[in-house]
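Chemist: What follows is run33.txt, compact mmCIF, C-alpha atoms.
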# COMPACT_ATOMS: atom_id res chain seq x y z
CA MET A 1 -57.94 117.79 151.64
CA HIS A 2 -60.86 117.28 149.27
CA LEU A 3 -61.72 113.57 148.94
CA ALA A 4 -61.51 113.50 145.11
CA THR A 5 -58.11 115.21 145.30
CA LEU A 6 -56.92 112.58 147.76
CA ALA A 7 -58.23 109.84 145.45
CA ARG A 8 -56.49 111.44 142.44
CA HIS A 9 -53.22 111.60 144.40
CA THR A 10 -53.51 107.95 145.44
CA LEU A 11 -54.23 106.89 141.85
CA SER A 12 -51.26 108.91 140.60
CA ARG A 13 -49.05 106.84 142.90
CA GLY A 14 -50.05 103.69 141.00
CA ALA A 15 -52.86 102.40 143.20
CA THR A 16 -55.73 100.67 141.45
CA PRO A 17 -59.20 102.18 141.77
CA ALA A 18 -60.16 99.30 144.10
CA ALA A 19 -57.12 99.87 146.32
CA THR A 20 -57.79 103.61 146.32
CA TYR A 21 -61.37 103.02 147.45
CA ALA A 22 -60.19 100.65 150.20
CA LEU A 23 -57.56 103.08 151.48
CA LEU A 24 -59.95 106.03 151.67
CA ALA A 25 -62.67 103.92 153.28
CA ARG A 26 -60.21 102.61 155.88
CA LEU A 27 -59.38 106.23 156.69
CA GLY A 28 -62.96 106.59 157.89
CA HIS A 29 -64.68 108.07 154.86
CA GLN A 30 -68.22 106.89 154.13
CA PRO A 31 -68.65 104.39 151.26
CA LEU A 32 -70.77 106.48 148.87
CA PRO A 33 -68.64 109.65 148.98
CA THR A 34 -65.51 107.51 148.76
CA ALA A 35 -66.70 105.64 145.66
CA ARG A 36 -67.87 108.94 144.13
CA ALA A 37 -64.45 110.49 144.80
CA VAL A 38 -62.64 107.62 143.06
CA CYS A 39 -64.94 107.91 140.04
CA LEU A 40 -64.44 111.67 139.83
CA ALA A 41 -60.67 111.25 140.21
CA LEU A 42 -60.84 108.93 137.19
CA ASP A 43 -62.65 111.73 135.27
CA ILE A 44 -65.89 109.77 135.02
CA PRO A 45 -68.61 112.41 134.53
CA LEU A 46 -70.74 113.15 137.59
CA ALA A 47 -74.02 112.07 135.94
CA GLU A 48 -72.50 108.72 134.94
CA THR A 49 -70.92 108.35 138.39
CA THR A 50 -74.29 108.99 140.03
CA ARG A 51 -76.01 106.41 137.79
CA ARG A 52 -73.37 103.75 138.42
CA LEU A 53 -73.38 104.23 142.17
CA ALA A 54 -77.18 104.22 142.34
CA ASP A 55 -77.12 100.81 140.61
CA CYS A 56 -75.01 99.26 143.38
CA TYR A 57 -75.77 101.44 146.39
CA ASP A 58 -78.16 99.10 148.20
CA ALA A 59 -76.02 96.00 147.71
CA LEU A 60 -72.56 97.43 148.42
CA LEU A 61 -72.55 100.90 149.89
CA ALA A 62 -75.63 101.37 152.08
CA ASP A 63 -74.60 99.09 154.93
CA PRO A 64 -70.82 98.57 154.88
CA ARG A 65 -69.35 95.62 156.74
CA PRO A 66 -66.40 96.32 159.03
CA ASN A 67 -63.00 95.46 157.54
CA ALA A 68 -64.54 94.75 154.11
CA GLU A 69 -63.19 97.86 152.37
CA ALA A 70 -60.86 95.91 150.07
CA ASP A 71 -63.62 93.46 149.12
CA THR A 72 -66.02 96.32 148.40
CA GLY A 73 -63.42 98.08 146.26
CA GLU A 74 -62.78 94.90 144.28
CA LEU A 75 -66.51 94.36 143.74
CA LEU A 76 -66.99 97.95 142.59
CA GLU A 77 -64.14 97.48 140.14
CA ALA A 78 -65.49 94.11 138.90
CA LEU A 79 -68.93 95.65 138.36
CA GLY A 80 -67.38 98.31 136.13
CA VAL A 81 -68.11 101.22 138.45
CA PHE A 82 -64.55 102.49 137.95
CA ASP A 83 -64.40 101.85 134.17
CA ILE A 84 -63.23 104.95 132.34
CA PRO A 85 -65.53 105.64 129.39
CA LYS A 86 -63.86 106.08 126.02
CA SER A 87 -65.32 108.27 123.29
CA LEU A 88 -65.78 106.05 120.27
CA THR A 89 -65.11 107.09 116.69
CA ASP A 90 -67.82 106.75 114.05
CA THR A 91 -66.20 103.51 112.86
CA GLU A 92 -66.10 102.14 116.41
CA LEU A 93 -69.76 103.07 116.89
CA ALA A 94 -70.59 101.19 113.69
CA VAL A 95 -68.69 98.16 115.05
CA VAL A 96 -70.72 98.33 118.27
CA ASP A 97 -73.93 98.49 116.22
CA HIS A 98 -72.89 95.27 114.45
CA PHE A 99 -72.11 93.71 117.83
CA LEU A 100 -75.58 94.64 119.09
CA THR A 101 -77.11 93.07 115.99
CA ALA A 102 -75.11 89.91 116.67
CA VAL A 103 -76.18 89.86 120.33
CA ASP A 104 -79.80 90.19 119.24
CA ALA A 105 -79.33 87.37 116.71
CA MET A 106 -77.83 85.17 119.44
CA GLY A 107 -81.31 84.49 120.73
CA GLY A 108 -80.20 84.99 124.33
CA ILE A 109 -77.00 85.81 126.18
CA ARG A 110 -75.64 84.86 129.59
CA PRO A 111 -75.70 87.79 132.04
CA GLY A 112 -71.96 87.55 132.66
CA HIS A 113 -71.22 87.71 128.94
CA GLN A 114 -73.56 90.69 128.58
CA HIS A 115 -71.83 92.42 131.50
CA GLY A 116 -68.42 91.87 129.94
CA LEU A 117 -69.59 93.22 126.59
CA THR A 118 -71.05 96.30 128.24
CA ARG A 119 -67.75 96.98 130.02
CA TRP A 120 -65.77 96.52 126.79
CA PHE A 121 -68.10 98.88 124.91
CA THR A 122 -67.69 101.47 127.67
CA THR A 123 -63.90 101.25 127.74
CA GLY A 124 -63.53 100.91 123.97
CA ASN A 125 -62.01 97.43 124.12
CA LEU A 126 -63.70 96.32 120.92
CA THR A 127 -61.08 93.68 120.19
CA ALA A 128 -62.00 91.76 123.35
CA ALA A 129 -65.70 92.13 122.55
CA TYR A 130 -65.17 90.83 119.01
CA LEU A 131 -63.08 87.86 120.09
CA SER A 132 -65.66 87.00 122.73
CA LEU A 133 -68.56 87.09 120.29
CA ALA A 134 -66.61 85.21 117.61
CA ALA A 135 -66.01 82.40 120.11
CA ALA A 136 -69.70 82.25 121.07
CA HIS A 137 -72.59 80.78 119.10
CA PRO A 138 -76.25 81.65 118.58
CA LEU A 139 -78.68 79.51 120.54
CA PRO A 140 -80.06 76.57 118.52
CA ARG A 141 -83.77 77.26 119.07
CA THR A 142 -83.97 81.03 119.39
CA GLY A 143 -80.90 82.32 117.56
CA ASP A 144 -80.49 83.41 113.95
CA PRO A 145 -77.10 82.02 112.88
CA ALA A 146 -77.04 83.68 109.44
CA ARG A 147 -77.70 87.12 110.92
CA TYR A 148 -75.28 86.47 113.79
CA TRP A 149 -72.30 85.53 111.64
CA THR A 150 -73.06 88.18 109.00
CA ALA A 151 -73.04 90.88 111.68
CA LEU A 152 -69.74 89.58 113.04
CA VAL A 153 -68.19 89.51 109.55
CA ALA A 154 -69.20 93.16 109.05
CA ALA A 155 -67.81 94.11 112.48
CA GLY A 156 -64.60 92.17 111.84
CA GLU A 157 -64.06 93.84 108.48
CA LEU A 158 -64.32 97.27 110.10
CA LEU A 159 -61.99 96.23 112.92
CA ALA A 160 -59.49 94.76 110.45
CA THR A 161 -59.23 98.12 108.70
CA THR A 162 -58.61 99.99 111.95
CA LEU A 163 -56.36 97.32 113.54
CA PRO A 164 -54.69 95.70 110.49
CA SER A 165 -51.76 94.22 112.42
CA ASP A 166 -53.84 92.37 115.02
CA ARG A 167 -53.67 88.71 113.97
CA ARG A 168 -56.38 87.79 116.49
CA ILE A 169 -58.88 89.92 114.57
CA THR A 170 -57.77 88.39 111.26
CA TYR A 171 -58.12 84.87 112.63
CA ALA A 172 -61.54 85.56 114.19
CA LEU A 173 -62.75 87.24 111.00
CA THR A 174 -61.72 84.17 108.98
CA HIS A 175 -63.63 81.99 111.46
CA CYS A 176 -66.74 84.20 111.23
CA ARG A 177 -66.61 84.21 107.41
CA ALA A 178 -66.43 80.40 107.39
CA ARG A 179 -69.42 80.19 109.74
CA ALA A 180 -71.39 82.72 107.66
CA ALA A 181 -70.75 80.65 104.52
CA ARG A 182 -72.33 77.53 106.04
CA PRO A 183 -75.89 76.79 104.90
The structure given in the file should be rewritten as structure tokens.
Modeler:
Amino acid sequence: MHLATLARHTLSRGATPAATYALLARLGHQPLPTARAVCLALDIPLAETTRRLADCYDALLADPRPNAEADTGELLEALGVFDIPKSLTDTELAVVDHFLTAVDAMGGIRPGHQHGLTRWFTTGNLTAAYLSLAAAHPLPRTGDPARYWTALVAAGELLATTLPSDRRITYALTHCRARAARP
């Protein structure tokens, strides 16, 4: 059976991408083809799959440790290797542009926060990205608070029109407006 077909079958039975990777690797398949098969079974385009796996090949797939298949699968999942990309609408792309303006106006961002934002942009989870940025603050010395909060107000207004019933967006937008109004 083709490895991607086996991965697709395993996923269809409710296994997570990490568990699917671990199962196939325990069956004796090599790490790189196994990870590639899981990505392809998730309908991640081959070019994107190749890029993602190249980014983590040396650290996770080149020299596998015995009995570490589950750990490797979990790490691949945590790194976003198995994230399914979502095509964004024009409005969602505009929201992401406002987010990127806000990130730039932050004056610096922790790598973990940046990684989370990248994953949310990829999967289209713009609500989580917005709530995360609304809870953050620009850095005192290098950030531009006026630009930061203005960008988040613009993003929040767009999100509020597409997700009008989400009270979390409404609350965060109110918070961002209040911060933008401060001198």
Chemist: Identify, on the basis of only C-alpha atoms, every residue whose closest approach to region 18-32 of chain A does not exceed 6 Å; exclude the query and any residue fewer than 2 positions from it along the same chain; express the result as a list in words.
Modeler: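 Once the nearby chain positions are removed, what remains is Ala15, Thr16, Thr34, Ala35, Leu61, Glu69, Ala70, Gly73, Glu74 and Glu77 of chain A.
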Chemist: May I have the residues within 10 Å of Thr150 (chain A) as a ChimeraX atom specification, using only C-alpha atoms and disregarding those fewer than 6 positions away in the same chain?
Modeler: /A:98,101-102,105,156,176-177,179-181
Chemist: Rank nothing, just name the residue among A:Leu76, A:Gln114, A:Thr5, A:Ala134 nearest to Asp55 (chain A), using all atoms listed in the file.
Modeler: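 Using all atoms listed in the file, the shortest distance to Asp55 (chain A) belongs to A:Leu76.
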Chemist: For Arg8 (chain A), find every residue with an atom within 12 Å (counting all atoms listed in the file), except residues of its own chain fewer than 2 positions away, and show them as a list in words.
Modeler: Met1, His2, Leu3, Ala4, Thr5, Leu6, Thr10, Leu11, Ser12, Arg13, Gly14, Ala15, Thr16, Pro17, Thr20, Tyr21, Leu24, Thr34, Arg36, Ala37, Val38, Cys39, Leu40, Ala41, Leu42 and Asp43 of chain A
Chemist: Applying 10 Å and only C-alpha atoms, which residues near region 84-88 of chain A remain after dropping the ones on its own chain fewer than 3 positions away? List them as an NGL selection string.
Modeler: :A and (39 or 42-45 or 48 or 80-81 or 91-96 or 119-126)
Chemist: Any idea what the distance is between CA of Val103 (chain A) and CA of Ala154 (chain A)?
Modeler: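 Computing the Euclidean distance for CA of Val103 (chain A) and CA of Ala154 (chain A) yields 13.7 Å.
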Chemist: Can you measure CA of Arg182 (chain A) to CA of Leu100 (chain A) for me? One decimal in Å is fine.
Modeler: 21.8 Å
Chemist: Between CA of Tyr148 (chain A) and CA of Ser165 (chain A), what distance in Å does the model show, to one decimal?
Modeler: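 Separation between CA of Tyr148 (chain A) and CA of Ser165 (chain A): 24.8 Å.
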Chemist: Which is closest to Val153 (chain A) among A:Leu75, A:Tyr130, A:Arg51, A:Pro140, if we use all atoms listed in the file?
Modeler: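 The answer is A:Tyr130, which sits nearest to Val153 (chain A).
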Chemist: Give as an NGL selection string the set of residues within 9 Å of the point (-75.7, 85.5, 115.7), where distances use the file's coordinates and all atoms listed in the file.
Modeler: :A and (101-107 or 133 or 136-139 or 143-152)
Chemist: Axis-aligned box over every listed atom of region 89-103 of chain A, padded by 4 Å per side: centre and edges in Å to one decimal, as AutoDock Vina command-line options?
Modeler:
--center_x -71.1 --center_y 98.5 --center_z 116.6 --size_x 20.0 --size_y 25.2 --size_z 15.5
Chemist: For each of A:His115, A:Arg65, A:His175, A:Arg167, take the minimum atom-to-atom distance to Ala135 (chain A), counting all atoms listed in the file, then give the residue where this is smallest.
Modeler: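 Closest candidate: A:His175.
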Chemist: Between A:Pro33, A:Glu157, A:Ala178, A:His9, which is the closest to Tyr57 (chain A) once you count only C-alpha atoms?
Modeler: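 Selected residue with least distance to Tyr57 (chain A): A:Pro33.
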